[in-house]
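*Asks:* Sharing a structure below in structure tokens format, with a few things to ask.
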Amino acid sequence: MTKVTRFAPSPTGPLHIGGVRTALFNYVYAKQNKGKFLIRVEDTDAERSTEEFEENILKGLSDIGINPDETPVRQSERSELYMLAAEKILDSGNAYWCDCSKETLDEMRKEQEAAGKKPMYDGRSRNLGLERTNNSVLRLKTPQDGELVFHDLVRGEVIFQNSELDDLILLRSDGSPTYHLCNVVDDFNQGVTTVVRGEDHLSNTPRQIHIQNALGYDSLEYAHLPMVLGQDKKRLSKRNAVTSLQDFFDQGYLESSMINMLARLGWSKGDKEIFYLDDLISDFRIQEVQKAGAIFDPSKLDWINNHHLAALSFDDFKNRLIPFLDALGLDYMQKKNNNEIIAAMRSSKPNLLGVAQDLIPYFSELSSYDDKAANKFLIGSEVVLEYVQRKLNGLEEWGEDSIDKALKEAQTGLSLPTPKLNQPIRIAMTGSTQSPSLGLTLSLFNLEEVNKRINAALEYLSHKN
Ligand code: GLU
């Protein structure tokens, strides 16, 4: 049978990386089985769902290359299906109207809590044959004893005691269908065969299977994925990490890196670390997903992004970097050797925003020095700056090799350890102590600019004294 999976986000917040992982595993599982991947927007919570969040979710998935095989559906537009299903359950004798008031339910809960029992609806209206009133809810007659067993592709056999499950509400008193009913009816109507979702939904599954049974639907395949955890081992949230996909794109993490990182959250294949979407479609096995929570490690993402950035052709890298340079207002075109500068700096940071920021001193005037660096190395370095400047001005040819040679000679001439010679020059040129090798750094500027910056540093020092 063709496998059909779906990602069913509730548009109550921006696309979260945990959600992207769920979508990714659904997508990969469908594609590797030559099946279909669908998207369903679960927007029945009218108060918390917004069109902006829906757009953010659909765009994020499409940016990352996870496209559905059919137009996404919205639950808010399918209420007729849910009503028909509710009627069918009622007609088959598997549901009943219950008009217990809020006070009655509160009292029931208090008594159960006082007796040390799990609070749940006790089924008191189940056999009363009540008619619908303005206050009635429709409840499912859930089997009261026995076990509900299902096989989970990740967790193996999962068993729930029916006595732990109460008669869940299918229709609220205002007639609106509940989440569980919509979810089950949609999976059936969309032809879904396999539900891949977060472990937080595990306890919903027996309830949903009871609804499926009441409707006579075929059973589904399930895979409940381990939760994505922050570094503090708590569930990943805005409080302990950057969670929105767009925020990662805004920092210059590549789509392919996000896919790679997310695939590794809860799944691995030997020592292999670098995966692209196509690799996942051939290598990923849902049965190999671990049960334990998966910790999202931002430094691992940096490492992965470094690899993915390094694998880009220069042109591709530059095209992706340009929006970041533009956003910083850097006029890179005014430098004839901009390609050389970008190539020298392309691995300076693990994301494009960091690389673009590191390029500021190369594509704009230097306006200040890093305080710590200046205090440590620049103060008192007049002799070094002047000596090296003289050496550089005596060069016949301006290039990395000849500059390196001049620096070596200066070091011998002044008999200084490398940092004492190099760091003042580096700070004079870039404002900080971080740059590629000094010969290369200097060669990225012309002699005129080097003189200008060394003079500016000397001028700065003259005010410090
Ligand atoms: N709408 C649910 C959520 O956003 C997903 C339900 C499901 O996958 O069955 O968590």
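Here, A, B, ... name the chains of the structure tokens in the order displayed, residue numbers run from 1 inside each chain, and ligands are numbered from 1 in the same displayed order.
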Write out, as JSON lines, each residue of chain A that has an atom at most 7 Å from ligand 1, together with the closest pair of atoms and their distance in Å to one decimal, counting only C-alpha atoms and all ligand atoms, rows going by chain and rising number.
*Replies:*
{"residue": "A:Phe7", "atom": "CA", "partner": "ligand 1", "partner_atom_place_in_ligand_line": "8 (O)", "distance": 6.1}
{"residue": "A:Ala8", "atom": "CA", "partner": "ligand 1", "partner_atom_place_in_ligand_line": "8 (O)", "distance": 4.8}
{"residue": "A:Pro9", "atom": "CA", "partner": "ligand 1", "partner_atom_place_in_ligand_line": "4 (O)", "distance": 3.9}
{"residue": "A:Ser10", "atom": "CA", "partner": "ligand 1", "partner_atom_place_in_ligand_line": "4 (O)", "distance": 4.2}
{"residue": "A:Glu42", "atom": "CA", "partner": "ligand 1", "partner_atom_place_in_ligand_line": "1 (N)", "distance": 5.2}
{"residue": "A:Asn183", "atom": "CA", "partner": "ligand 1", "partner_atom_place_in_ligand_line": "9 (O)", "distance": 6.2}
{"residue": "A:Val195", "atom": "CA", "partner": "ligand 1", "partner_atom_place_in_ligand_line": "8 (O)", "distance": 6.8}
{"residue": "A:Val196", "atom": "CA", "partner": "ligand 1", "partner_atom_place_in_ligand_line": "8 (O)", "distance": 6.8}
{"residue": "A:Arg197", "atom": "CA", "partner": "ligand 1", "partner_atom_place_in_ligand_line": "8 (O)", "distance": 4.9}
{"residue": "A:His201", "atom": "CA", "partner": "ligand 1", "partner_atom_place_in_ligand_line": "9 (O)", "distance": 7.0}
*Asks:* Just the alpha helix (DSSP H) stuff from segment 92-230 of chain A, please, per backbone DSSP, written as a short mmCIF file (atom, residue, chain, number, x, y, z; two decimals) with N, CA and C atoms, in the first residue's frame.
*Replies:*
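So the final result, stored in out03.cif, reads:
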data_model
loop_
_atom_site.label_atom_id
_atom_site.label_comp_id
_atom_site.auth_asym_id
_atom_site.auth_seq_id
_atom_site.Cartn_x
_atom_site.Cartn_y
_atom_site.Cartn_z
N LYS A 102 -20.66 22.25 34.77
CA LYS A 102 -19.28 22.50 35.19
C LYS A 102 -19.14 22.19 36.68
N GLU A 103 -20.16 22.57 37.45
CA GLU A 103 -20.13 22.34 38.90
C GLU A 103 -20.05 20.84 39.20
N THR A 104 -20.88 20.07 38.48
CA THR A 104 -20.87 18.61 38.69
C THR A 104 -19.49 18.05 38.38
N LEU A 105 -18.93 18.52 37.27
CA LEU A 105 -17.61 17.99 36.86
C LEU A 105 -16.53 18.39 37.87
N ASP A 106 -16.63 19.64 38.38
CA ASP A 106 -15.65 20.10 39.36
C ASP A 106 -15.72 19.25 40.63
N GLU A 107 -16.95 18.99 41.03
CA GLU A 107 -17.14 18.20 42.25
C GLU A 107 -16.59 16.78 42.06
N MET A 108 -16.88 16.23 40.86
CA MET A 108 -16.39 14.88 40.56
C MET A 108 -14.86 14.84 40.66
N ARG A 109 -14.24 15.88 40.10
CA ARG A 109 -12.78 15.92 40.11
C ARG A 109 -12.25 16.00 41.54
N LYS A 110 -12.88 16.85 42.32
CA LYS A 110 -12.41 17.03 43.71
C LYS A 110 -12.52 15.72 44.49
N GLU A 111 -13.66 15.04 44.32
CA GLU A 111 -13.84 13.77 45.04
C GLU A 111 -12.77 12.76 44.62
N GLN A 112 -12.52 12.72 43.31
CA GLN A 112 -11.51 11.74 42.82
C GLN A 112 -10.13 12.09 43.38
N GLU A 113 -9.82 13.38 43.37
CA GLU A 113 -8.51 13.79 43.89
C GLU A 113 -8.39 13.47 45.37
N ALA A 114 -9.48 13.71 46.11
CA ALA A 114 -9.47 13.43 47.55
C ALA A 114 -9.26 11.94 47.80
N TYR A 179 -10.47 18.47 18.94
CA TYR A 179 -9.22 18.16 18.24
C TYR A 179 -9.12 16.67 17.85
N HIS A 180 -9.43 15.78 18.79
CA HIS A 180 -9.26 14.35 18.51
C HIS A 180 -10.14 13.90 17.35
N LEU A 181 -11.39 14.35 17.35
CA LEU A 181 -12.30 13.93 16.28
C LEU A 181 -11.80 14.44 14.93
N CYS A 182 -11.44 15.72 14.88
CA CYS A 182 -10.98 16.31 13.61
C CYS A 182 -9.75 15.57 13.10
N ASN A 183 -8.83 15.31 14.00
CA ASN A 183 -7.57 14.69 13.63
C ASN A 183 -7.80 13.31 13.00
N VAL A 184 -8.68 12.53 13.63
CA VAL A 184 -8.96 11.17 13.14
C VAL A 184 -9.70 11.22 11.80
N VAL A 185 -10.69 12.08 11.73
CA VAL A 185 -11.49 12.17 10.49
C VAL A 185 -10.61 12.63 9.34
N ASP A 186 -9.75 13.58 9.61
CA ASP A 186 -8.87 14.08 8.54
C ASP A 186 -7.87 13.03 8.09
N ASP A 187 -7.27 12.33 9.03
CA ASP A 187 -6.31 11.30 8.62
C ASP A 187 -7.00 10.31 7.69
N PHE A 188 -8.23 9.95 8.02
CA PHE A 188 -8.97 9.01 7.18
C PHE A 188 -9.27 9.63 5.81
N ASN A 189 -9.81 10.83 5.82
CA ASN A 189 -10.21 11.45 4.55
C ASN A 189 -9.04 11.83 3.66
N ASN A 204 -2.40 10.66 23.24
CA ASN A 204 -3.60 10.91 22.42
C ASN A 204 -3.93 9.70 21.55
N THR A 205 -2.91 8.91 21.26
CA THR A 205 -3.09 7.85 20.28
C THR A 205 -4.16 6.84 20.68
N PRO A 206 -4.17 6.31 21.91
CA PRO A 206 -5.24 5.34 22.22
C PRO A 206 -6.63 5.96 22.08
N ARG A 207 -6.75 7.21 22.45
CA ARG A 207 -8.06 7.87 22.32
C ARG A 207 -8.46 7.97 20.86
N GLN A 208 -7.49 8.31 20.04
CA GLN A 208 -7.80 8.47 18.62
C GLN A 208 -8.09 7.11 17.97
N ILE A 209 -7.41 6.08 18.45
CA ILE A 209 -7.69 4.74 17.90
C ILE A 209 -9.12 4.33 18.27
N HIS A 210 -9.57 4.69 19.48
CA HIS A 210 -10.95 4.35 19.84
C HIS A 210 -11.95 5.07 18.92
N ILE A 211 -11.63 6.29 18.56
CA ILE A 211 -12.53 7.01 17.63
C ILE A 211 -12.51 6.32 16.26
N GLN A 212 -11.30 5.96 15.81
CA GLN A 212 -11.20 5.23 14.52
C GLN A 212 -12.04 3.97 14.55
N ASN A 213 -11.93 3.23 15.66
CA ASN A 213 -12.69 1.98 15.77
C ASN A 213 -14.18 2.25 15.72
N ALA A 214 -14.61 3.33 16.40
CA ALA A 214 -16.04 3.64 16.41
C ALA A 214 -16.53 4.00 15.00
N LEU A 215 -15.62 4.52 14.21
CA LEU A 215 -16.00 4.91 12.84
C LEU A 215 -15.74 3.79 11.83
#
*Asks:* Write out as a VMD selection string the residues lying within 12 Å of Leu421 of chain A, counting only C-alpha atoms and excluding same-chain residues fewer than 5 positions away.
*Replies:* chain A and resid 377 to 378 380 to 389 406 to 416 426 to 428 433 438
*Asks:* What gap, in Å, lies between atom CA of Lys336 of chain A and atom CA of Tyr362 of chain A?
*Replies:*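 Atom CA of Tyr362 of chain A lies 11.8 Å from atom CA of Lys336 of chain A.
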*Asks:* Skip Val450 of chain A itself and residues of its chain fewer than 4 positions away, then list as a tab-separated table (two decimals) with all heavy atoms, in the first residue's frame all residues within 12 Å of it, counting only C-alpha atoms.
*Replies:*
chain	number	residue	atom	x	y	z
A	362	TYR	N	36.92	45.21	6.09
A	362	TYR	CA	37.50	45.13	4.74
A	362	TYR	C	36.72	45.97	3.74
A	362	TYR	O	37.25	46.40	2.73
A	362	TYR	CB	37.55	43.67	4.27
A	362	TYR	CG	38.43	42.82	5.16
A	362	TYR	CD1	37.92	42.25	6.33
A	362	TYR	CD2	39.78	42.64	4.87
A	362	TYR	CE1	38.71	41.50	7.17
A	362	TYR	CE2	40.60	41.89	5.71
A	362	TYR	CZ	40.05	41.33	6.86
A	362	TYR	OH	40.86	40.60	7.69
A	365	GLU	N	35.32	51.85	6.19
A	365	GLU	CA	36.36	52.51	6.98
A	365	GLU	C	36.40	51.88	8.36
A	365	GLU	O	35.37	51.45	8.88
A	365	GLU	CB	36.00	53.99	7.16
A	365	GLU	CG	35.81	54.76	5.87
A	365	GLU	CD	37.15	55.18	5.28
A	365	GLU	OE1	37.97	55.69	6.05
A	365	GLU	OE2	37.34	54.98	4.06
A	366	LEU	N	37.59	51.91	8.94
A	366	LEU	CA	37.69	51.37	10.30
A	366	LEU	C	37.35	52.50	11.27
A	366	LEU	O	37.98	53.56	11.24
A	366	LEU	CB	39.13	50.90	10.52
A	366	LEU	CG	39.38	50.00	11.70
A	366	LEU	CD1	38.52	48.74	11.61
A	366	LEU	CD2	40.85	49.62	11.77
A	385	LEU	N	54.69	49.63	14.88
A	385	LEU	CA	53.89	50.13	13.76
A	385	LEU	C	54.77	50.89	12.75
A	385	LEU	O	54.69	50.66	11.54
A	385	LEU	CB	52.76	51.05	14.27
A	385	LEU	CG	51.65	50.38	15.09
A	385	LEU	CD1	50.70	51.43	15.67
A	385	LEU	CD2	50.87	49.39	14.25
A	386	GLU	N	55.62	51.75	13.28
A	386	GLU	CA	56.46	52.56	12.37
A	386	GLU	C	57.48	51.69	11.64
A	386	GLU	O	57.70	51.84	10.44
A	386	GLU	CB	57.19	53.66	13.15
A	386	GLU	CG	56.27	54.83	13.42
A	386	GLU	CD	56.76	55.77	14.52
A	386	GLU	OE1	57.86	55.51	15.07
A	386	GLU	OE2	56.03	56.72	14.83
A	388	VAL	N	57.35	48.42	10.93
A	388	VAL	CA	56.71	47.57	9.92
A	388	VAL	C	56.24	48.43	8.75
A	388	VAL	O	56.39	48.05	7.58
A	388	VAL	CB	55.53	46.77	10.53
A	388	VAL	CG1	54.73	46.03	9.45
A	388	VAL	CG2	56.05	45.76	11.56
A	389	GLN	N	55.72	49.61	9.05
A	389	GLN	CA	55.25	50.48	7.97
A	389	GLN	C	56.40	50.79	7.00
A	389	GLN	O	56.25	50.73	5.79
A	389	GLN	CB	54.68	51.77	8.56
A	389	GLN	CG	54.03	52.67	7.51
A	389	GLN	CD	53.39	53.90	8.12
A	389	GLN	OE1	53.82	54.34	9.20
A	389	GLN	NE2	52.39	54.44	7.47
A	390	ARG	N	57.56	51.09	7.60
A	390	ARG	CA	58.73	51.41	6.75
A	390	ARG	C	59.09	50.21	5.89
A	390	ARG	O	59.31	50.32	4.69
A	390	ARG	CB	59.92	51.77	7.64
A	390	ARG	CG	60.22	53.28	7.64
A	390	ARG	CD	61.63	53.61	8.11
A	390	ARG	NE	62.12	52.83	9.23
A	390	ARG	CZ	61.81	53.07	10.53
A	390	ARG	NH1	60.97	54.04	10.84
A	390	ARG	NH2	62.33	52.32	11.50
A	392	LEU	N	57.19	47.77	4.91
A	392	LEU	CA	56.18	47.51	3.87
A	392	LEU	C	56.31	48.51	2.72
A	392	LEU	O	56.15	48.17	1.56
A	392	LEU	CB	54.76	47.57	4.47
A	392	LEU	CG	54.44	46.47	5.50
A	392	LEU	CD1	53.06	46.70	6.12
A	392	LEU	CD2	54.49	45.07	4.87
A	393	ASN	N	56.65	49.74	3.07
A	393	ASN	CA	56.78	50.76	2.02
A	393	ASN	C	58.01	50.53	1.16
A	393	ASN	O	58.08	51.04	0.05
A	393	ASN	CB	56.78	52.16	2.62
A	393	ASN	CG	55.34	52.60	2.93
A	393	ASN	OD1	54.59	52.98	2.03
A	393	ASN	ND2	54.95	52.50	4.19
A	398	TRP	N	53.84	43.98	-4.03
A	398	TRP	CA	52.83	43.89	-2.96
A	398	TRP	C	52.08	42.56	-3.09
A	398	TRP	O	51.26	42.38	-3.98
A	398	TRP	CB	51.86	45.08	-3.07
A	398	TRP	CG	50.90	45.19	-1.91
A	398	TRP	CD1	49.56	44.96	-1.95
A	398	TRP	CD2	51.20	45.55	-0.57
A	398	TRP	NE1	49.00	45.15	-0.72
A	398	TRP	CE2	50.00	45.52	0.16
A	398	TRP	CE3	52.40	45.89	0.11
A	398	TRP	CZ2	49.93	45.83	1.52
A	398	TRP	CZ3	52.32	46.19	1.45
A	398	TRP	CH2	51.09	46.16	2.14
A	403	ILE	N	55.05	40.23	1.63
A	403	ILE	CA	54.67	40.84	2.92
A	403	ILE	C	55.11	39.94	4.07
A	403	ILE	O	55.68	40.40	5.07
A	403	ILE	CB	53.15	41.11	2.98
A	403	ILE	CG1	52.75	42.13	1.91
A	403	ILE	CG2	52.73	41.58	4.36
A	403	ILE	CD1	51.25	42.33	1.73
A	425	ILE	N	49.63	45.33	14.33
A	425	ILE	CA	49.35	45.59	12.90
A	425	ILE	C	47.94	45.11	12.57
A	425	ILE	O	47.16	45.78	11.88
A	425	ILE	CB	50.35	44.81	11.99
A	425	ILE	CG1	51.79	45.02	12.45
A	425	ILE	CG2	50.15	45.18	10.52
A	425	ILE	CD1	52.35	46.38	12.14
A	426	ARG	N	47.63	43.92	13.08
A	426	ARG	CA	46.32	43.34	12.80
A	426	ARG	C	45.20	44.26	13.33
A	426	ARG	O	44.22	44.51	12.66
A	426	ARG	CB	46.26	41.97	13.49
A	426	ARG	CG	45.14	41.14	13.04
A	426	ARG	CD	45.26	39.72	13.56
A	426	ARG	NE	45.77	38.81	12.56
A	426	ARG	CZ	46.73	37.94	12.77
A	426	ARG	NH1	47.34	37.88	13.94
A	426	ARG	NH2	47.10	37.13	11.82
A	427	ILE	N	45.41	44.76	14.54
A	427	ILE	CA	44.40	45.65	15.13
A	427	ILE	C	44.31	46.94	14.32
A	427	ILE	O	43.22	47.45	14.04
A	427	ILE	CB	44.73	45.96	16.62
A	427	ILE	CG1	44.69	44.66	17.44
A	427	ILE	CG2	43.74	46.96	17.21
A	427	ILE	CD1	45.35	44.77	18.80
A	428	ALA	N	45.46	47.44	13.91
A	428	ALA	CA	45.45	48.67	13.10
A	428	ALA	C	44.65	48.45	11.81
A	428	ALA	O	43.95	49.34	11.34
A	428	ALA	CB	46.88	49.09	12.77
A	429	MET	N	44.75	47.26	11.26
A	429	MET	CA	44.08	46.99	9.97
A	429	MET	C	42.62	46.62	10.12
A	429	MET	O	41.78	47.02	9.31
A	429	MET	CB	44.80	45.84	9.23
A	429	MET	CG	46.23	46.15	8.80
A	429	MET	SD	46.39	47.70	7.90
A	429	MET	CE	45.32	47.44	6.51
A	430	THR	N	42.29	45.81	11.14
A	430	THR	CA	40.92	45.25	11.19
A	430	THR	C	40.16	45.63	12.47
A	430	THR	O	39.00	45.29	12.60
A	430	THR	CB	40.95	43.70	11.11
A	430	THR	OG1	41.56	43.22	12.32
A	430	THR	CG2	41.72	43.20	9.91
A	439	GLY	N	50.06	38.18	6.74
A	439	GLY	CA	50.49	38.48	5.37
A	439	GLY	C	49.29	38.54	4.44
A	439	GLY	O	49.13	39.47	3.64
A	441	THR	N	46.12	39.01	5.32
A	441	THR	CA	45.26	40.14	5.71
A	441	THR	C	45.77	41.43	5.06
A	441	THR	O	45.01	42.16	4.42
A	441	THR	CB	45.24	40.31	7.24
A	441	THR	OG1	44.86	39.06	7.82
A	441	THR	CG2	44.27	41.38	7.69
A	442	LEU	N	47.07	41.68	5.20
A	442	LEU	CA	47.61	42.92	4.64
A	442	LEU	C	47.48	42.95	3.12
A	442	LEU	O	47.17	43.98	2.53
A	442	LEU	CB	49.08	43.08	5.04
A	442	LEU	CG	49.32	43.50	6.50
A	442	LEU	CD1	50.76	43.22	6.92
A	442	LEU	CD2	48.99	44.99	6.70
A	443	SER	N	47.67	41.77	2.51
A	443	SER	CA	47.63	41.73	1.04
A	443	SER	C	46.22	42.02	0.51
A	443	SER	O	46.05	42.33	-0.66
A	443	SER	CB	48.11	40.37	0.52
A	443	SER	OG	47.12	39.39	0.73
A	444	LEU	N	45.20	41.89	1.37
A	444	LEU	CA	43.84	42.16	0.92
A	444	LEU	C	43.58	43.67	0.79
A	444	LEU	O	42.60	44.10	0.22
A	444	LEU	CB	42.82	41.54	1.88
A	444	LEU	CG	42.87	40.01	1.99
A	444	LEU	CD1	41.91	39.51	3.07
A	444	LEU	CD2	42.55	39.35	0.65
A	445	PHE	N	44.47	44.47	1.39
A	445	PHE	CA	44.37	45.93	1.27
A	445	PHE	C	45.48	46.39	0.32
A	445	PHE	O	46.46	45.67	0.14
A	445	PHE	CB	44.60	46.60	2.64
A	445	PHE	CG	43.55	46.23	3.67
A	445	PHE	CD1	43.73	45.12	4.49
A	445	PHE	CD2	42.40	46.99	3.81
A	445	PHE	CE1	42.78	44.78	5.44
A	445	PHE	CE2	41.44	46.65	4.77
A	445	PHE	CZ	41.63	45.55	5.58
A	446	ASN	N	45.39	47.59	-0.23
A	446	ASN	CA	46.55	48.08	-0.98
A	446	ASN	C	47.45	48.89	-0.04
A	446	ASN	O	47.05	49.22	1.09
A	446	ASN	CB	46.14	48.86	-2.23
A	446	ASN	CG	45.22	50.02	-1.89
A	446	ASN	OD1	45.37	50.60	-0.81
A	446	ASN	ND2	44.29	50.34	-2.76
A	454	ILE	N	47.62	52.40	9.40
A	454	ILE	CA	48.72	52.45	10.38
A	454	ILE	C	48.85	53.88	10.92
A	454	ILE	O	49.00	54.10	12.13
A	454	ILE	CB	50.05	51.91	9.79
A	454	ILE	CG1	49.91	50.40	9.49
A	454	ILE	CG2	51.21	52.15	10.76
A	454	ILE	CD1	51.15	49.74	8.95
A	455	ASN	N	48.73	54.86	10.02
A	455	ASN	CA	48.81	56.26	10.47
A	455	ASN	C	47.68	56.58	11.45
A	455	ASN	O	47.87	57.27	12.43
A	455	ASN	CB	48.74	57.22	9.27
A	455	ASN	CG	50.03	57.13	8.44
A	455	ASN	OD1	51.07	56.69	8.96
A	455	ASN	ND2	49.97	57.54	7.18
A	456	ALA	N	46.51	56.03	11.15
A	456	ALA	CA	45.36	56.28	12.04
A	456	ALA	C	45.63	55.67	13.42
A	456	ALA	O	45.30	56.27	14.45
A	456	ALA	CB	44.09	55.71	11.44
A	457	ALA	N	46.27	54.50	13.44
A	457	ALA	CA	46.58	53.86	14.72
A	457	ALA	C	47.60	54.69	15.48
A	457	ALA	O	47.50	54.87	16.71
A	457	ALA	CB	47.09	52.44	14.49
*Asks:* Based on DSSP run over this structure's backbone, return all residues of segment 201-400 of chain A in strand (DSSP E), as JSON, numbers by chain.
*Replies:* {"A": [221, 222, 223, 224, 225, 228, 229, 294, 295]}
